[in-house]
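Peer 1: Sharing a structure with you now.
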Amino acid sequence: MSDTKRFGFAFAPRYRLFARAFGIGPSTAWVDVGARTLDARFGRWRVSTPLANISDVAVTGPYAFWKTAGSARLAITDRGLTFATNGDRGVLISFRTPVRGLDPFGVLRHPELTVTVADVEELAELLRARSEVSQTNN
């Protein structure tokens, strides 16, 4: 029996159309939380890191459609990465050491990842529990 819990993304109708153009759909977008690792997939983009690398977890939102719809999104101001399928709510995961994600060569690293999974609260709670992050920011 596996310790891995899979979280599917919550696809809003408007987002689904834009995501499909980039090969993003329910069969290619998820977040897996294992006993020791986080693995997020969003079409051809992927973020993998040990849970020990997580420094903070927060529920955030809402998000502007034009900033989040379509492919994986890079925040120019802080290099944060967003995997969004709706504009309502998501989980912001901050990392101690920035991770690979958008750039296939790993030159660009991301200090945080936002994911708009269907069960935002459960993902946040599980990440806090398994990474031993306190609940100060929710």
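Residue numbers start at 1 in each chain; chains themselves are named A, B, ... in the order of the structure tokens; ligands are numbered from 1 in the order shown.
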Fewer than 4 positions away in the same chain doesn't count, so skip those; otherwise give me all residues within 7 Å of A:Thr28, counting only C-alpha atoms, as a short mmCIF file (atom, residue, chain, number, x, y, z; two decimals) with all heavy atoms, in the first residue's frame.

Peer 2:
data_model
loop_
_atom_site.label_atom_id
_atom_site.label_comp_id
_atom_site.auth_asym_id
_atom_site.auth_seq_id
_atom_site.Cartn_x
_atom_site.Cartn_y
_atom_site.Cartn_z
N ILE A 24 -2.89 20.22 -21.26
CA ILE A 24 -3.20 20.13 -19.83
C ILE A 24 -4.65 19.72 -19.67
O ILE A 24 -5.55 20.37 -20.21
CB ILE A 24 -2.94 21.48 -19.14
CG1 ILE A 24 -1.48 21.89 -19.31
CG2 ILE A 24 -3.33 21.40 -17.65
CD1 ILE A 24 -1.22 23.36 -19.05
N ARG A 41 2.52 17.73 -11.49
CA ARG A 41 2.60 17.68 -12.95
C ARG A 41 1.49 18.55 -13.52
O ARG A 41 0.36 18.54 -13.04
CB ARG A 41 2.43 16.24 -13.44
CG ARG A 41 2.53 16.17 -14.94
CD ARG A 41 2.58 14.77 -15.44
NE ARG A 41 2.56 14.80 -16.91
CZ ARG A 41 2.18 13.81 -17.66
NH1 ARG A 41 1.82 12.66 -17.12
NH2 ARG A 41 2.17 13.93 -18.96
N PHE A 42 1.85 19.27 -14.60
CA PHE A 42 0.90 20.17 -15.24
C PHE A 42 1.21 20.15 -16.73
O PHE A 42 2.01 20.95 -17.23
CB PHE A 42 1.07 21.58 -14.66
CG PHE A 42 -0.06 22.52 -14.94
CD1 PHE A 42 -1.33 22.30 -14.40
CD2 PHE A 42 0.13 23.64 -15.72
CE1 PHE A 42 -2.37 23.18 -14.63
CE2 PHE A 42 -0.90 24.53 -15.96
CZ PHE A 42 -2.16 24.30 -15.41
N GLY A 43 0.61 19.18 -17.44
CA GLY A 43 0.97 19.01 -18.84
C GLY A 43 2.42 18.58 -18.95
O GLY A 43 2.82 17.61 -18.32
#

Peer 1: Using only C-alpha atoms, I'd like a table of the residues in stretch 8-39 of chain A that come within 10 Å of stretch 71-81 of chain A; for each, show the closest atom pair and its distance in Å rounded to one decimal, ordered by chain and ascending number, as JSON lines.

Peer 2:
{"residue": "A:Tyr15", "atom": "CA", "partner": "A:Ser71", "partner_atom": "CA", "distance": 9.9}
{"residue": "A:Phe18", "atom": "CA", "partner": "A:Ser71", "partner_atom": "CA", "distance": 7.8}
{"residue": "A:Ala19", "atom": "CA", "partner": "A:Ser71", "partner_atom": "CA", "distance": 6.1}
{"residue": "A:Arg20", "atom": "CA", "partner": "A:Ser71", "partner_atom": "CA", "distance": 9.0}
{"residue": "A:Ala21", "atom": "CA", "partner": "A:Ser71", "partner_atom": "CA", "distance": 8.3}
{"residue": "A:Phe22", "atom": "CA", "partner": "A:Ser71", "partner_atom": "CA", "distance": 5.9}
{"residue": "A:Gly23", "atom": "CA", "partner": "A:Ser71", "partner_atom": "CA", "distance": 8.7}
{"residue": "A:Ile24", "atom": "CA", "partner": "A:Ser71", "partner_atom": "CA", "distance": 7.7}

Peer 1: Write out the residues from the selection above, keeping N, CA and C atoms, as a PDB file, in the first residue's frame.

Peer 2:
ATOM      1  N   TYR A  15     -11.080  28.016 -18.003  1.00  0.00           N
ATOM      2  CA  TYR A  15      -9.678  27.595 -17.925  1.00  0.00           C
ATOM      3  C   TYR A  15      -9.436  26.328 -18.741  1.00  0.00           C
ATOM      4  N   PHE A  18      -8.380  26.909 -22.416  1.00  0.00           N
ATOM      5  CA  PHE A  18      -7.017  27.424 -22.565  1.00  0.00           C
ATOM      6  C   PHE A  18      -5.979  26.373 -22.187  1.00  0.00           C
ATOM      7  N   ALA A  19      -6.269  25.580 -21.165  1.00  0.00           N
ATOM      8  CA  ALA A  19      -5.337  24.540 -20.725  1.00  0.00           C
ATOM      9  C   ALA A  19      -5.161  23.468 -21.794  1.00  0.00           C
ATOM     10  N   ARG A  20      -6.253  23.086 -22.433  1.00  0.00           N
ATOM     11  CA  ARG A  20      -6.222  22.026 -23.448  1.00  0.00           C
ATOM     12  C   ARG A  20      -5.228  22.361 -24.565  1.00  0.00           C
ATOM     13  N   ALA A  21      -5.112  23.622 -24.917  1.00  0.00           N
ATOM     14  CA  ALA A  21      -4.187  24.034 -25.978  1.00  0.00           C
ATOM     15  C   ALA A  21      -2.729  23.705 -25.629  1.00  0.00           C
ATOM     16  N   PHE A  22      -2.446  23.513 -24.343  1.00  0.00           N
ATOM     17  CA  PHE A  22      -1.084  23.204 -23.885  1.00  0.00           C
ATOM     18  C   PHE A  22      -0.948  21.759 -23.408  1.00  0.00           C
ATOM     19  N   GLY A  23      -1.938  20.926 -23.734  1.00  0.00           N
ATOM     20  CA  GLY A  23      -1.878  19.522 -23.338  1.00  0.00           C
ATOM     21  C   GLY A  23      -2.164  19.295 -21.865  1.00  0.00           C
ATOM     22  N   ILE A  24      -2.887  20.221 -21.261  1.00  0.00           N
ATOM     23  CA  ILE A  24      -3.201  20.131 -19.832  1.00  0.00           C
ATOM     24  C   ILE A  24      -4.651  19.722 -19.669  1.00  0.00           C
TER      25      ILE A  24
END

Peer 1: Find the spatial neighbours of A:Phe11, counting only C-alpha atoms, within a cut-off of 8 Å - ignore same-chain residues fewer than 3 positions away - and output them as a list of chain:residue names.

Peer 2: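 The neighbour list is A:Tyr15, A:Arg16, A:Thr85, A:Asn86.
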
Peer 1: Based on the backbone DSSP call, show me all residues of stretch 17-119 of chain A assigned strand (DSSP E or B), as a ChimeraX atom specification.

Peer 2: /A:29-33,37-42,45-50,54-60,73-74,81-83,90-99,110-115,117

Peer 1: Would you work out the distance separating atom CA of A:Arg128 from atom CA of A:Leu38, expressed in Å to one decimal?

Peer 2: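 One can read the atom CA of A:Arg128 to atom CA of A:Leu38 distance as 11.9 Å.
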
Peer 1: My list of candidates is A:Leu123, A:Val59, A:Ala52, A:Val133. Which is closest to A:Thr97 when distances are computed with only C-alpha atoms?

Peer 2: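 Under the stated criterion, the closest residue is A:Ala52.
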
Peer 1: Distance atom CA of A:Arg89-atom CA of A:Asp32, one decimal place?

Peer 2: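 Separation between atom CA of A:Arg89 and atom CA of A:Asp32: 18.3 Å.
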
Peer 1: My list of candidates is A:Ala12, A:Thr68, A:Asp3, A:Ser48. Which is closest to A:Gly106 when distances are computed with only C-alpha atoms?

Peer 2: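 Among A:Ala12, A:Thr68, A:Asp3, A:Ser48, it is A:Ser48 that comes nearest to A:Gly106.
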
Peer 1: Which neighbours of A:Phe7 fall inside 10 Å, counting only C-alpha atoms, when residues of the same chain fewer than 2 positions from it are skipped, and could you give them as a PyMOL selection string?

Peer 2: chain A and resi 4-5+9-10+29-33+40+115-120+122-123

Peer 1: Mind checking which residues fall within 8 Å of A:Arg36, counting only C-alpha atoms, ignoring those fewer than 5 positions away in the same chain, and posting them as a list in words?

Peer 2: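 Once the adjacent positions are removed, what remains is Pro50, Leu51, Ala52 and Arg130 of chain A.
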
Peer 1: Please save all heavy atoms of the selected residues as a PDB file, in the first residue's frame.

Peer 2:
ATOM      1  N   PRO A  50      11.846  17.131  -2.331  1.00  0.00           N
ATOM      2  CA  PRO A  50      11.587  16.482  -1.044  1.00  0.00           C
ATOM      3  C   PRO A  50      10.653  17.349  -0.194  1.00  0.00           C
ATOM      4  O   PRO A  50      10.712  18.586  -0.260  1.00  0.00           O
ATOM      5  CB  PRO A  50      12.967  16.389  -0.399  1.00  0.00           C
ATOM      6  CG  PRO A  50      13.945  16.585  -1.505  1.00  0.00           C
ATOM      7  CD  PRO A  50      13.265  17.439  -2.527  1.00  0.00           C
ATOM      8  N   LEU A  51       9.817  16.730   0.613  1.00  0.00           N
ATOM      9  CA  LEU A  51       8.929  17.489   1.502  1.00  0.00           C
ATOM     10  C   LEU A  51       9.734  18.334   2.487  1.00  0.00           C
ATOM     11  O   LEU A  51       9.281  19.395   2.920  1.00  0.00           O
ATOM     12  CB  LEU A  51       7.993  16.547   2.253  1.00  0.00           C
ATOM     13  CG  LEU A  51       6.964  15.818   1.392  1.00  0.00           C
ATOM     14  CD1 LEU A  51       6.168  14.833   2.230  1.00  0.00           C
ATOM     15  CD2 LEU A  51       6.041  16.795   0.687  1.00  0.00           C
ATOM     16  N   ALA A  52      10.938  17.898   2.824  1.00  0.00           N
ATOM     17  CA  ALA A  52      11.799  18.663   3.730  1.00  0.00           C
ATOM     18  C   ALA A  52      12.195  20.013   3.134  1.00  0.00           C
ATOM     19  O   ALA A  52      12.621  20.918   3.866  1.00  0.00           O
ATOM     20  CB  ALA A  52      13.047  17.856   4.078  1.00  0.00           C
ATOM     21  N   ARG A 130       3.088  16.551   6.692  1.00  0.00           N
ATOM     22  CA  ARG A 130       4.207  15.717   6.227  1.00  0.00           C
ATOM     23  C   ARG A 130       5.527  16.482   6.123  1.00  0.00           C
ATOM     24  O   ARG A 130       6.595  15.881   6.165  1.00  0.00           O
ATOM     25  CB  ARG A 130       3.869  15.055   4.895  1.00  0.00           C
ATOM     26  CG  ARG A 130       2.793  14.000   5.057  1.00  0.00           C
ATOM     27  CD  ARG A 130       2.690  13.108   3.872  1.00  0.00           C
ATOM     28  NE  ARG A 130       1.647  12.107   4.088  1.00  0.00           N
ATOM     29  CZ  ARG A 130       1.269  11.213   3.183  1.00  0.00           C
ATOM     30  NH1 ARG A 130       1.862  11.197   1.996  1.00  0.00           N
ATOM     31  NH2 ARG A 130       0.328  10.344   3.463  1.00  0.00           N
TER      32      ARG A 130
END

Peer 1: Out of A:Ile93, A:Asp103, A:Asp88, A:Glu125, which residue has the shortest atom-to-atom distance to A:Phe65 when counting only C-alpha atoms?

Peer 2: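 Once distances to A:Phe65 are computed over only C-alpha atoms, the minimum belongs to A:Asp88.
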
Peer 1: Work out how far apart atom CA of A:Lys67 and atom CA of A:Ala84 are and give it in Å to one decimal.

Peer 2: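 Calculated distance between atom CA of A:Lys67 and atom CA of A:Ala84 is 9.5 Å.
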
Peer 1: Please provide the set of residues having any atom within 12 Å of A:Asp56, restricted to only C-alpha atoms, with same-chain residues fewer than 2 positions apart removed, written as a PyMOL selection string.

Peer 2: chain A and resi 51-54+58-59+91-97+111-114+124-125+127-138

Peer 1: Among chain A, which ones does DSSP place in helix (DSSP H, G or I), written as number ranges by chain?

Peer 2: A: 13-20, 51-53, 65-68, 120-131
